[in-house]
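Peer 1: Have a peek at target_0.txt (compact mmCIF, C-alpha atoms).
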```
# COMPACT_ATOMS: atom_id res chain seq x y z
CA MET P 13 105.80 -107.73 168.96
CA SER P 14 102.03 -108.10 169.43
CA GLU P 15 100.55 -109.56 172.60
CA ARG P 16 97.25 -111.31 173.12
CA ILE P 17 94.94 -108.99 175.07
CA PRO P 18 93.87 -110.63 178.36
CA VAL P 19 90.19 -110.97 179.24
CA TYR P 20 90.38 -108.44 182.11
CA GLY P 21 92.08 -105.97 179.72
CA ARG P 22 89.25 -106.32 177.20
CA LYS P 23 86.71 -105.64 179.98
CA HIS P 24 88.56 -102.53 181.10
CA LEU P 25 88.85 -101.36 177.52
CA ALA P 26 85.13 -101.83 176.90
CA ARG P 27 84.29 -99.90 180.05
CA THR P 28 86.70 -97.15 179.08
CA MET P 29 85.24 -96.77 175.61
CA THR P 30 81.73 -96.59 177.08
CA ILE P 31 82.84 -93.75 179.36
CA LEU P 32 84.51 -91.97 176.45
CA CYS P 33 81.35 -92.18 174.37
CA ALA P 34 79.33 -90.78 177.25
CA LEU P 35 81.75 -87.91 177.72
CA THR P 36 81.63 -87.14 174.02
CA TYR P 37 77.84 -87.04 174.10
CA VAL P 38 77.81 -84.73 177.15
CA ALA P 39 80.33 -82.43 175.54
CA ALA P 40 78.32 -82.28 172.32
CA SER P 41 75.17 -81.48 174.28
CA ALA P 42 76.95 -78.71 176.20
CA THR P 43 78.28 -77.32 172.95
CA LYS P 44 74.83 -77.23 171.38
CA ALA P 45 73.23 -75.62 174.42
CA THR P 46 75.91 -73.00 174.68
CA GLY P 47 75.62 -72.16 171.02
CA GLN P 48 71.88 -71.58 171.40
CA GLU P 49 71.99 -69.63 174.67
CA SER P 50 75.10 -67.50 174.22
CA ASN P 51 75.29 -67.17 170.44
CA LEU P 52 78.80 -68.56 170.55
CA ALA P 53 78.89 -70.89 167.58
CA PRO P 54 82.13 -72.82 167.19
CA ASP P 55 84.70 -71.05 165.08
CA LEU P 56 87.61 -73.15 163.91
CA THR P 57 89.30 -70.33 162.00
CA PRO P 58 93.08 -70.37 162.50
CA PRO P 59 94.80 -67.38 164.07
CA ILE P 60 94.54 -64.26 161.96
CA SER P 61 97.19 -61.77 160.99
CA THR P 62 97.59 -58.38 162.61
CA ALA P 63 96.52 -56.29 159.64
CA ALA P 64 94.87 -53.00 160.60
CA VAL P 65 91.14 -52.64 160.05
CA SER P 66 88.43 -50.40 161.45
CA THR P 67 86.36 -51.32 164.48
CA PRO P 68 83.65 -53.84 163.55
CA SER P 69 80.31 -52.29 162.68
CA MET P 70 78.58 -54.52 165.25
CA LEU P 71 80.72 -53.00 168.00
CA GLN P 72 80.08 -49.49 166.71
CA ALA P 73 76.34 -50.15 166.84
CA LEU P 74 76.64 -51.28 170.48
CA ILE P 75 78.62 -48.15 171.36
CA GLN P 76 75.98 -45.92 169.78
CA GLU P 77 73.27 -47.80 171.68
CA ALA P 78 75.15 -47.32 174.94
CA LEU P 79 75.63 -43.61 174.29
CA ALA P 80 71.90 -43.26 173.65
CA HIS P 81 70.47 -45.49 176.37
CA SER P 82 73.04 -45.99 179.13
CA PRO P 83 71.47 -44.82 182.42
CA MET P 84 74.89 -43.55 183.56
CA ILE P 85 75.11 -41.24 180.54
CA THR P 86 71.48 -40.21 180.94
CA ALA P 87 72.18 -39.16 184.54
CA ALA P 88 75.29 -37.20 183.52
CA ARG P 89 73.48 -35.55 180.60
CA THR P 90 70.50 -34.38 182.66
CA HIS P 91 72.84 -33.08 185.38
CA SER P 92 74.82 -31.16 182.76
CA GLU P 93 71.64 -29.66 181.33
CA ALA P 94 70.50 -28.69 184.82
CA LEU P 95 73.74 -26.77 185.41
CA THR P 96 73.10 -24.63 182.30
CA LYS P 97 70.00 -23.22 184.01
CA VAL P 98 72.01 -21.70 186.86
CA PRO P 99 73.87 -18.70 185.26
CA LYS P 100 70.71 -16.70 184.50
CA GLN P 101 69.36 -17.39 187.95
CA VAL P 102 72.40 -16.14 189.85
CA SER P 103 72.91 -13.12 187.56
CA THR P 104 69.36 -11.83 188.14
CA LEU P 105 68.49 -9.25 190.80
CA PRO P 106 66.80 -10.57 193.95
CA ASP P 107 63.01 -10.46 193.92
CA PRO P 108 61.68 -7.01 194.92
CA GLU P 109 59.58 -6.58 198.04
CA ILE P 110 56.26 -4.74 198.09
CA GLY P 111 54.58 -3.46 201.24
CA LEU P 112 51.39 -1.93 202.63
CA GLN P 113 51.32 0.38 205.64
CA HIS P 114 48.21 1.67 207.44
CA PHE P 115 48.88 4.35 210.08
CA THR P 116 45.94 5.43 212.25
CA VAL P 117 45.69 8.18 214.92
CA GLY P 118 43.89 7.97 218.30
CA SER P 119 42.50 4.44 217.80
CA PRO P 120 43.57 1.11 216.32
CA GLN P 121 40.38 1.01 214.26
CA PRO P 122 40.91 1.27 210.51
CA PHE P 123 40.78 4.79 209.07
CA SER P 124 40.84 6.37 212.53
CA GLY P 125 42.02 9.98 212.16
CA TYR P 126 41.43 9.96 208.42
CA GLU P 127 39.83 13.42 208.39
CA THR P 128 41.25 14.94 211.58
CA SER P 129 44.99 14.23 211.64
CA ASP P 130 47.78 14.90 209.21
CA PHE P 131 49.64 11.87 210.69
CA TYR P 132 47.16 9.40 209.25
CA TYR P 133 48.19 7.68 206.04
CA THR P 134 47.88 4.49 204.03
CA GLY P 135 51.15 3.69 202.32
CA PHE P 136 52.05 1.56 199.32
CA GLY P 137 55.68 0.86 198.51
CA PHE P 138 58.36 -1.48 197.20
CA SER P 139 62.05 -2.12 197.84
CA GLN P 140 64.80 -3.72 195.75
CA ASP P 141 68.06 -5.25 196.98
CA ILE P 142 70.98 -4.52 194.66
CA PRO P 143 74.17 -6.58 195.07
CA GLY P 144 77.44 -4.68 195.10
CA PRO P 145 79.20 -3.74 191.85
CA GLY P 146 80.24 -6.75 189.76
CA LYS P 147 78.86 -9.40 192.11
CA LEU P 148 76.13 -10.64 189.76
CA GLY P 149 78.55 -10.91 186.86
CA LEU P 150 81.06 -12.89 188.94
CA ARG P 151 78.36 -15.27 190.14
CA ALA P 152 77.24 -15.79 186.55
CA ASP P 153 80.84 -16.48 185.53
CA GLN P 154 81.21 -19.02 188.33
CA ALA P 155 77.98 -20.73 187.26
CA GLN P 156 79.21 -20.82 183.65
CA LYS P 157 82.38 -22.57 184.81
CA ALA P 158 80.28 -25.05 186.78
CA ALA P 159 78.20 -25.73 183.65
CA GLU P 160 81.40 -26.23 181.67
CA THR P 161 82.59 -28.68 184.31
CA GLY P 162 79.29 -30.54 183.91
CA ARG P 163 79.76 -30.74 180.14
CA HIS P 164 83.21 -32.23 180.56
CA ALA P 165 81.86 -34.64 183.19
CA LEU P 166 79.32 -35.80 180.61
CA GLU P 167 82.11 -36.36 178.08
CA VAL P 168 84.09 -38.29 180.69
CA GLN P 169 81.09 -40.54 181.30
CA GLN P 170 80.53 -41.05 177.56
CA ARG P 171 84.18 -42.00 177.02
CA GLN P 172 84.10 -44.37 180.01
CA VAL P 173 80.93 -46.11 178.81
CA ALA P 174 82.33 -46.50 175.29
CA GLU P 175 85.52 -47.98 176.76
CA GLN P 176 83.52 -50.37 178.95
CA VAL P 177 81.53 -51.54 175.93
CA ARG P 178 84.73 -52.14 173.95
CA GLU P 179 86.49 -53.93 176.80
CA THR P 180 83.53 -56.21 177.54
CA TYR P 181 82.99 -56.86 173.83
CA PHE P 182 86.61 -57.92 173.27
CA ASN P 183 86.54 -60.14 176.35
CA LEU P 184 83.45 -61.83 174.92
CA PHE P 185 85.26 -62.16 171.59
CA TYR P 186 88.11 -63.93 173.40
CA LEU P 187 85.64 -66.23 175.16
CA LYS P 188 83.96 -67.05 171.87
CA LYS P 189 87.26 -67.98 170.26
CA THR P 190 88.24 -69.95 173.35
CA PHE P 191 85.03 -71.95 173.17
CA ALA P 192 85.71 -72.82 169.53
CA LEU P 193 89.22 -73.93 170.46
CA LEU P 194 87.93 -76.10 173.30
CA VAL P 195 85.48 -77.81 170.96
CA GLN P 196 88.19 -78.30 168.35
CA THR P 197 90.64 -79.67 170.93
CA GLN P 198 87.99 -82.03 172.26
CA ALA P 199 87.58 -83.45 168.75
CA GLU P 200 91.36 -83.81 168.45
CA LEU P 201 91.50 -85.61 171.79
CA GLN P 202 88.83 -87.97 170.53
CA THR P 203 91.05 -88.70 167.54
CA VAL P 204 94.02 -89.24 169.84
CA ALA P 205 91.97 -91.57 172.03
CA GLN P 206 90.94 -93.61 169.00
CA THR P 207 94.57 -93.77 167.90
CA ALA P 208 95.58 -94.94 171.39
CA GLU P 209 92.86 -97.58 171.30
CA SER P 210 94.09 -98.83 167.94
CA GLN P 211 97.64 -98.96 169.21
CA TYR P 212 96.48 -100.78 172.33
CA HIS P 213 94.68 -103.40 170.26
CA VAL P 214 97.87 -104.28 168.43
CA GLY P 215 99.95 -104.19 171.59
CA MET P 216 101.85 -101.01 170.74
CA ALA P 217 100.37 -98.87 173.53
CA GLN P 218 99.32 -99.15 177.13
CA GLN P 219 95.82 -99.00 178.51
CA GLN P 220 96.73 -95.95 180.61
CA ASP P 221 97.10 -93.98 177.38
CA VAL P 222 93.35 -94.27 176.86
CA PHE P 223 92.74 -93.22 180.46
CA LYS P 224 94.95 -90.16 180.00
CA ALA P 225 92.94 -89.11 176.97
CA GLN P 226 89.77 -89.60 179.01
CA LEU P 227 91.21 -87.42 181.80
CA GLU P 228 92.04 -84.60 179.42
CA GLN P 229 88.54 -84.70 177.92
CA THR P 230 87.05 -84.44 181.40
CA SER P 231 89.32 -81.46 182.14
CA LEU P 232 88.05 -79.80 178.98
CA LEU P 233 84.47 -80.30 180.16
CA LYS P 234 85.40 -78.42 183.32
CA GLU P 235 86.92 -75.59 181.27
CA ILE P 236 83.77 -75.40 179.16
CA GLU P 237 81.62 -75.03 182.28
CA MET P 238 83.90 -72.29 183.63
CA HIS P 239 83.75 -70.69 180.21
CA HIS P 240 79.93 -70.62 180.37
CA GLU P 241 80.13 -68.80 183.69
CA GLU P 242 82.45 -66.12 182.30
CA VAL P 243 80.30 -65.64 179.21
CA ASN P 244 77.12 -65.23 181.23
CA GLN P 245 78.76 -62.76 183.60
CA SER P 246 80.19 -60.71 180.72
CA GLN P 247 76.83 -60.73 178.94
CA ALA P 248 75.16 -59.48 182.13
CA ASN P 249 77.69 -56.67 182.44
CA LEU P 250 77.30 -55.63 178.82
CA LYS P 251 73.51 -55.56 179.08
CA ALA P 252 73.75 -53.31 182.13
CA ILE P 253 76.06 -50.91 180.29
CA LEU P 254 73.69 -50.81 177.30
CA GLY P 255 70.67 -50.23 179.52
CA ARG P 256 69.06 -53.57 178.61
CA GLU P 257 67.16 -55.82 180.99
CA GLN P 258 68.85 -59.05 182.08
CA ASP P 259 66.11 -61.21 180.56
CA SER P 260 66.77 -59.76 177.09
CA PRO P 261 68.46 -61.98 174.46
CA ASN P 262 72.22 -62.40 174.65
CA ILE P 263 74.27 -59.99 172.54
CA ALA P 264 75.83 -61.36 169.37
CA ILE P 265 79.62 -61.08 169.07
CA SER P 266 81.32 -60.74 165.70
CA ASP P 267 84.25 -62.89 164.57
CA ASP P 268 85.73 -59.98 162.61
CA VAL P 269 88.22 -58.59 165.11
CA LYS P 270 91.70 -57.81 163.92
CA ALA P 271 94.52 -55.93 165.56
CA THR P 272 94.13 -52.16 165.18
CA ASP P 273 97.21 -50.28 164.05
CA LEU P 274 97.28 -47.04 166.06
CA ALA P 275 100.00 -45.20 164.17
CA LEU P 276 100.84 -42.54 166.76
CA ASP P 277 104.24 -41.96 168.34
CA ASP P 278 104.69 -41.24 172.05
CA HIS P 279 105.06 -37.48 171.56
CA ARG P 280 101.85 -37.25 169.54
CA LEU P 281 100.02 -39.41 172.08
CA ARG P 282 101.02 -37.05 174.89
CA GLU P 283 99.91 -34.03 172.89
CA LEU P 284 96.50 -35.58 172.20
CA GLY P 285 96.19 -36.67 175.81
CA LEU P 286 96.83 -33.17 177.15
CA SER P 287 94.49 -31.51 174.66
CA ASN P 288 91.69 -34.07 174.29
CA SER P 289 91.34 -35.73 177.68
CA PRO P 290 87.92 -34.80 179.12
CA THR P 291 89.23 -35.61 182.58
CA LEU P 292 91.87 -32.90 182.25
CA LYS P 293 89.35 -30.48 180.72
CA GLN P 294 87.07 -31.07 183.68
CA ALA P 295 89.93 -30.50 186.14
CA ARG P 296 90.90 -27.24 184.41
CA ALA P 297 87.28 -26.05 184.46
CA MET P 298 87.08 -26.81 188.19
CA GLU P 299 90.27 -24.82 188.73
CA GLU P 300 88.77 -21.85 186.86
CA GLN P 301 85.58 -22.23 188.87
CA SER P 302 87.59 -22.02 192.09
CA GLN P 303 89.26 -18.83 190.83
CA ALA P 304 85.82 -17.33 190.26
CA ALA P 305 84.95 -18.24 193.85
CA VAL P 306 88.02 -16.30 195.04
CA ASP P 307 86.94 -13.26 193.03
CA ILE P 308 83.45 -13.41 194.52
CA ALA P 309 84.81 -13.71 198.06
CA LYS P 310 86.99 -10.64 197.54
CA ARG P 311 84.11 -8.68 196.04
CA ASP P 312 82.03 -9.38 199.14
CA TYR P 313 84.07 -6.70 200.93
CA LEU P 314 81.92 -4.20 198.98
CA PRO P 315 78.50 -3.33 200.43
CA ASP P 316 75.15 -4.38 199.00
CA PHE P 317 72.43 -1.77 198.54
CA THR P 318 68.69 -1.43 198.97
CA VAL P 319 66.45 1.06 197.13
CA GLY P 320 62.86 1.71 198.26
CA TYR P 321 60.00 3.99 197.35
CA THR P 322 56.71 4.51 199.23
CA TYR P 323 53.57 6.50 198.45
CA GLU P 324 51.55 7.52 201.55
CA LYS P 325 47.94 8.56 201.09
CA THR P 326 46.68 10.98 203.80
CA GLY P 327 43.23 12.42 204.61
CA PRO P 328 41.34 14.72 202.27
CA LYS P 329 42.49 17.88 204.07
CA PHE P 330 46.20 17.05 203.94
CA LYS P 331 48.88 16.58 201.34
CA ASP P 332 50.12 13.10 200.44
CA TYR P 333 53.64 11.92 201.29
CA TYR P 334 56.28 10.48 198.92
CA MET P 335 59.29 8.70 200.39
CA LEU P 336 62.46 7.47 198.71
CA SER P 337 64.83 5.33 200.80
CA LEU P 338 68.39 4.15 200.20
CA GLY P 339 70.23 1.59 202.31
CA ALA P 340 73.53 -0.27 202.36
CA LYS P 341 74.71 -3.47 204.05
CA ILE P 342 78.13 -2.67 205.47
CA PRO P 343 80.53 -5.64 205.99
CA LEU P 344 81.20 -4.43 209.50
CA TYR P 345 82.45 -7.80 210.79
CA PHE P 346 84.70 -8.46 207.80
CA TRP P 347 87.50 -9.99 209.93
CA ARG P 348 85.09 -12.75 211.01
CA LYS P 349 83.29 -13.31 207.71
CA GLN P 350 84.72 -11.87 204.47
CA LYS P 351 88.37 -12.31 205.46
CA LEU P 352 87.86 -15.97 206.35
CA ALA P 353 85.75 -16.49 203.23
CA VAL P 354 88.61 -15.24 201.05
CA GLU P 355 91.10 -17.50 202.84
CA GLN P 356 88.76 -20.46 202.36
CA ALA P 357 88.35 -19.73 198.66
CA VAL P 358 92.12 -19.41 198.19
CA LEU P 359 92.71 -22.76 199.89
CA GLU P 360 90.05 -24.42 197.74
CA LYS P 361 91.68 -22.93 194.65
CA GLU P 362 95.05 -24.40 195.69
CA SER P 363 93.32 -27.73 196.26
CA ALA P 364 91.75 -27.60 192.79
CA ARG P 365 95.14 -26.77 191.23
CA ALA P 366 96.80 -29.68 193.02
CA ASP P 367 93.96 -32.00 191.99
CA ALA P 368 94.31 -30.89 188.35
CA TYR P 369 98.04 -31.60 188.44
CA SER P 370 97.43 -34.98 190.06
CA LYS P 371 94.94 -35.90 187.35
CA ARG P 372 97.36 -34.75 184.67
CA LEU P 373 100.05 -37.07 186.04
CA SER P 374 97.56 -39.92 186.35
CA VAL P 375 96.22 -39.50 182.80
CA MET P 376 99.72 -39.31 181.33
CA SER P 377 100.74 -42.39 183.32
CA ASP P 378 97.69 -44.34 182.13
CA LEU P 379 98.34 -43.25 178.55
CA GLN P 380 101.99 -44.33 178.73
CA ASN P 381 101.09 -47.69 180.27
CA GLN P 382 98.53 -48.41 177.57
CA ALA P 383 100.97 -47.34 174.86
CA ILE P 384 103.54 -49.80 176.26
CA ALA P 385 100.89 -52.54 176.41
CA LEU P 386 99.89 -51.76 172.81
CA GLN P 387 103.44 -52.02 171.51
CA THR P 388 104.11 -55.19 173.50
CA THR P 389 100.97 -56.99 172.33
CA GLN P 390 101.74 -56.03 168.73
CA ARG P 391 105.10 -57.78 168.95
CA VAL P 392 103.68 -60.77 170.84
CA LEU P 393 100.88 -61.24 168.30
CA LYS P 394 103.48 -61.49 165.55
CA LEU P 395 105.43 -64.06 167.57
CA TYR P 396 102.31 -66.18 167.98
CA SER P 397 101.08 -65.95 164.39
CA ASP P 398 104.47 -66.27 162.67
CA GLY P 399 106.33 -68.59 165.06
CA LEU P 400 104.80 -70.23 168.10
CA ILE P 401 101.48 -71.46 166.70
CA PRO P 402 102.84 -72.80 163.37
CA GLN P 403 105.68 -74.52 165.23
CA ALA P 404 103.32 -76.04 167.80
CA THR P 405 100.95 -77.23 165.06
CA ALA P 406 103.79 -78.83 163.12
CA THR P 407 105.08 -80.48 166.30
CA HIS P 408 101.64 -81.93 167.00
CA GLU P 409 101.26 -83.33 163.49
CA SER P 410 104.74 -84.82 163.68
CA ALA P 411 104.07 -86.35 167.12
CA LEU P 412 100.79 -87.87 165.94
CA ALA P 413 102.51 -89.53 162.99
CA ALA P 414 105.39 -90.70 165.18
CA TYR P 415 103.04 -92.13 167.81
CA ARG P 416 101.32 -94.29 165.21
CA VAL P 417 104.65 -96.00 164.56
CA SER P 418 105.70 -96.03 168.25
CA LYS P 419 108.42 -93.41 167.80
CA VAL P 420 107.15 -91.20 170.68
CA ASP P 421 105.22 -91.95 173.85
CA PHE P 422 101.60 -91.00 174.45
CA GLN P 423 102.42 -88.26 176.97
CA THR P 424 104.47 -86.44 174.33
CA LEU P 425 101.58 -86.63 171.87
CA LEU P 426 99.10 -85.46 174.48
CA SER P 427 101.26 -82.51 175.49
CA THR P 428 101.42 -81.31 171.86
CA VAL P 429 97.61 -81.20 171.72
CA ILE P 430 97.45 -79.14 174.91
CA ASP P 431 100.31 -76.89 173.73
CA VAL P 432 98.43 -75.99 170.55
CA LEU P 433 95.27 -75.26 172.56
CA ARG P 434 97.05 -73.04 175.09
CA LEU P 435 99.05 -71.12 172.50
CA ARG P 436 95.92 -70.36 170.47
CA GLN P 437 94.10 -69.30 173.62
CA GLU P 438 97.00 -67.02 174.50
CA TYR P 439 96.97 -65.58 170.99
CA TYR P 440 93.32 -64.56 171.24
CA ARG P 441 93.84 -63.30 174.80
CA THR P 442 96.69 -61.12 173.53
CA LEU P 443 94.55 -59.92 170.62
CA ALA P 444 91.75 -58.97 173.01
CA ASP P 445 94.22 -57.23 175.33
CA HIS P 446 95.63 -55.34 172.34
CA GLU P 447 92.18 -54.03 171.41
CA ILE P 448 91.40 -53.20 175.04
CA ALA P 449 94.62 -51.15 175.19
CA VAL P 450 93.48 -49.30 172.06
CA ALA P 451 90.08 -48.70 173.69
CA LYS P 452 91.70 -47.26 176.82
CA ILE P 453 93.89 -44.97 174.72
CA GLN P 454 90.82 -43.81 172.79
CA GLU P 455 89.11 -43.08 176.11
CA ILE P 456 91.85 -40.54 176.80
CA ILE P 457 92.62 -39.04 173.37
CA GLY P 458 89.31 -39.67 171.61
CA ASP P 459 88.65 -41.72 168.50
CA GLN P 460 91.35 -40.76 165.99
CA SER P 461 90.12 -43.02 163.16
```
Rewrite the structure from the file as structure tokens, please.
Peer 2:
Amino acid sequence: MSERIPVYGRKHLARTMTILCALTYVAASATKATGQESNLAPDLTPPISTAAVSTPSMLQALIQEALAHSPMITAARTHSEALTKVPKQVSTLPDPEIGLQHFTVGSPQPFSGYETSDFYYTGFGFSQDIPGPGKLGLRADQAQKAAETGRHALEVQQRQVAEQVRETYFNLFYLKKTFALLVQTQAELQTVAQTAESQYHVGMAQQQDVFKAQLEQTSLLKEIEMHHEEVNQSQANLKAILGREQDSPNIAISDDVKATDLALDDHRLRELGLSNSPTLKQARAMEEQSQAAVDIAKRDYLPDFTVGYTYEKTGPKFKDYYMLSLGAKIPLYFWRKQKLAVEQAVLEKESARADAYSKRLSVMSDLQNQAIALQTTQRVLKLYSDGLIPQATATHESALAAYRVSKVDFQTLLSTVIDVLRLRQEYYRTLADHEIAVAKIQEIIGDQS
């Protein structure tokens, strides 16, 4: 039965509607500003299916840009190139030494005794140090292993940067979809508020129903502001990865993201991880490099040699001298130097082997965890798209119709609006997490598309 609305009730209602209009205007302004600054235009598209498609071309373009311009990759690439210059250096003989000798007789003055003594001479000569047998070749081999380690380190950095681009991109995709949902939910709350007002006018609802709608709209404004913060932080991170300045325009994010179907079983994933992981390749190269260091340390027990030749010019009445010299550096104190050097190299080799095994376990663990996350998110996405979201949407539509005829209370209607919002947010969060899991797997096994 309808009641006459008291004067104080009409005043409160008028004030409430004024506040609601103001909130709507502020929200619309925030939406417009965010759309211009962050390129996050509202997208009211319903949840999509989990059909497999390739990575969006926009994302691929960002990955290629990062691979070409990321300062982290540039640093790793130049370091790798620098290491390729080492093998020729260490496999080359030491620089020869040339010398001049001036031997005088009877006086320190130059050419003293030139014509009177057969001890006088002016000598010209050179000497060459020659490392022991096989030492240059072993050093070159060690340098080659170091260069190989540098190449794998570059690949590790490239895979990490590509994964960071993908992860940041999919987080921005989630934020974009979340923003669209917040805008859509705000419009739905406005409709609910208008319905509550109409019901209040005919005495079928309470004034607090309008206040509750107002409270939820204010809460959404807070979420929108927090959303802006996350978007700006993610944009800043992505620009840094791409090598762009922070004052450059924000990066556009595509709407075309669907769940990737990575059709690989656990056994095949492990095989690809062991054979394709650049982290494991780098660890194996470091282990081989440590073995080369052991070989060099053992070879240092052999002596190094020196070869010299000198021509000595005497006075005009005497014959010239020709001198060939041979020398050897004997590892006389081997128990204090070479022996300890070999022990050190062996310990470092054992350390490199243990580190390689540790990285193998870590990579396999990461791969297994991401595979589990991938399978879980695939199942959860289907639950959202085929069950939870349609059921929540139908519940909301039913509650809205029932509220208009006073079959349900306002709190029930309001909770259905929030349920639809949260479930759709969770759907897009799960979709983003699914693609991030794919990106982390690709970081280990490479792109298998």
Peer 1: Between P:Arg89, P:Arg311, P:Arg434, P:His81, which residue has the minimum interatomic distance to Ile253 of chain P, considering all atoms listed in the file?
Peer 2: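 Distance minimum relative to Ile253 of chain P lands on P:His81.
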Peer 1: Go through P:Leu400, P:Met298, P:Leu433, P:Ala444 one by one, measure the shortest atom-to-atom distance of each to Ala192 of chain P using only C-alpha atoms, and give the residue with the smallest value.
Peer 2: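 Ranking P:Leu400, P:Met298, P:Leu433, P:Ala444 by distance to Ala192 of chain P, first place goes to P:Leu433.
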Peer 1: Using only C-alpha atoms, which protein or nucleic acid residues come within 9 Å of Ala78 of chain P? Drop anything in the same chain fewer than 6 positions from it, and give the result as number ranges by chain.
Peer 2: P: 85, 170, 173-174, 177, 253-255
Peer 1: I'd like to know which of P:Ala414, P:Ala88, P:Leu193, P:Leu71 is closest to Leu250 of chain P, using all atoms listed in the file.
Peer 2: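 Among the listed residues, P:Leu71 lies closest to Leu250 of chain P.
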Peer 1: Between P:Gln226, P:Gln169, P:Ser231, P:Gln156, which one has atoms that come closest to Leu194 of chain P, using all atoms listed in the file?
Peer 2: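 Nearest candidate to Leu194 of chain P out of P:Gln226, P:Gln169, P:Ser231, P:Gln156: P:Ser231.
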Peer 1: Would you pick out the contacts of Thr405 of chain P at 9 Å or less, using all atoms listed in the file, so that residues sharing its chain but fewer than 2 positions from it are not included, and give the list as a VMD selection string?
Peer 2: chain P and resid 400 to 403 407 to 410 428 to 429 431 to 432
Peer 1: Measuring atom to atom with only C-alpha atoms, identify which of P:Pro83, P:Lys157, P:His446, P:Lys394 is nearest to Ala252 of chain P.
Peer 2: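 Under the stated criterion, the closest residue is P:Pro83.
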Peer 1: Show me, as a VMD selection string, the residues that have an atom within 8 Å of segment 335-344 of chain P when counting all atoms listed in the file, minus same-chain residues fewer than 4 positions from it.
Peer 2: chain P and resid 312 to 324 350
Peer 1: Can those selected residues be exported to a file as a PDB file, in the frame of the given file so that it contains C-alpha atoms?
Peer 2:
```
ATOM      1  CA  ASP P 312      82.030  -9.380 199.140  1.00  0.00           C
ATOM      2  CA  TYR P 313      84.070  -6.700 200.930  1.00  0.00           C
ATOM      3  CA  LEU P 314      81.920  -4.200 198.980  1.00  0.00           C
ATOM      4  CA  PRO P 315      78.500  -3.330 200.430  1.00  0.00           C
ATOM      5  CA  ASP P 316      75.150  -4.380 199.000  1.00  0.00           C
ATOM      6  CA  PHE P 317      72.430  -1.770 198.540  1.00  0.00           C
ATOM      7  CA  THR P 318      68.690  -1.430 198.970  1.00  0.00           C
ATOM      8  CA  VAL P 319      66.450   1.060 197.130  1.00  0.00           C
ATOM      9  CA  GLY P 320      62.860   1.710 198.260  1.00  0.00           C
ATOM     10  CA  TYR P 321      60.000   3.990 197.350  1.00  0.00           C
ATOM     11  CA  THR P 322      56.710   4.510 199.230  1.00  0.00           C
ATOM     12  CA  TYR P 323      53.570   6.500 198.450  1.00  0.00           C
ATOM     13  CA  GLU P 324      51.550   7.520 201.550  1.00  0.00           C
ATOM     14  CA  GLN P 350      84.720 -11.870 204.470  1.00  0.00           C
TER      15      GLN P 350
END
```
Peer 1: Identify, on the basis of all atoms listed in the file, every residue whose closest approach to Gln301 of chain P does not exceed 9 Å; exclude the query and any residue fewer than 2 positions from it along the same chain; express the result as an MDAnalysis selection string.
Peer 2: chainID P and resid 153:158 161 296:299 303:306 361
Peer 1: To one decimal place in Å, what is the distance between atom CA of Ala366 of chain P and atom CA of Pro290 of chain P?
Peer 2: 17.3 Å
Peer 1: To one decimal in Å, tell me the separation between atom CA of Ile308 of chain P and atom CA of Lys147 of chain P.
Peer 2: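 Atom-to-atom, atom CA of Ile308 of chain P to atom CA of Lys147 of chain P, that is 6.6 Å.
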Peer 1: One decimal, in Å: what's the spacing between atom CA of Thr291 of chain P and atom CA of Val168 of chain P?
Peer 2: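 Atom CA of Val168 of chain P lies 6.1 Å from atom CA of Thr291 of chain P.
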Peer 1: Restricting the calculation to only C-alpha atoms, which member of P:Asn381, P:Gly399, P:Pro108, P:Leu412 is positioned closest to Leu281 of chain P?
Peer 2: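 Counting only C-alpha atoms, the residue closest to Leu281 of chain P is P:Asn381.
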Peer 1: Mind checking which residues fall within 12 Å of Ala413 of chain P, counting all atoms listed in the file, ignoring those fewer than 5 positions away in the same chain, and posting them as a list of chain:residue names?
Peer 2: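 Near neighbours after the sequence-gap exclusion: P:Val204, P:Thr207, P:Ala406, P:Thr407, P:His408, P:Ser418, P:Lys419, P:Val420, P:Asp421, P:Phe422, P:Thr424, P:Leu425.
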Peer 1: Residues as selected, C-alpha atoms, written as an mmCIF file, keeping the file's coordinate frame, can you do that?
Peer 2:
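Contents of part_34.cif, as written:
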```
data_model
loop_
_atom_site.group_PDB
_atom_site.id
_atom_site.type_symbol
_atom_site.label_atom_id
_atom_site.label_comp_id
_atom_site.auth_asym_id
_atom_site.auth_seq_id
_atom_site.Cartn_x
_atom_site.Cartn_y
_atom_site.Cartn_z
ATOM 1 C CA VAL P 204 94.020 -89.240 169.840
ATOM 2 C CA THR P 207 94.570 -93.770 167.900
ATOM 3 C CA ALA P 406 103.790 -78.830 163.120
ATOM 4 C CA THR P 407 105.080 -80.480 166.300
ATOM 5 C CA HIS P 408 101.640 -81.930 167.000
ATOM 6 C CA SER P 418 105.700 -96.030 168.250
ATOM 7 C CA LYS P 419 108.420 -93.410 167.800
ATOM 8 C CA VAL P 420 107.150 -91.200 170.680
ATOM 9 C CA ASP P 421 105.220 -91.950 173.850
ATOM 10 C CA PHE P 422 101.600 -91.000 174.450
ATOM 11 C CA THR P 424 104.470 -86.440 174.330
ATOM 12 C CA LEU P 425 101.580 -86.630 171.870
#
```
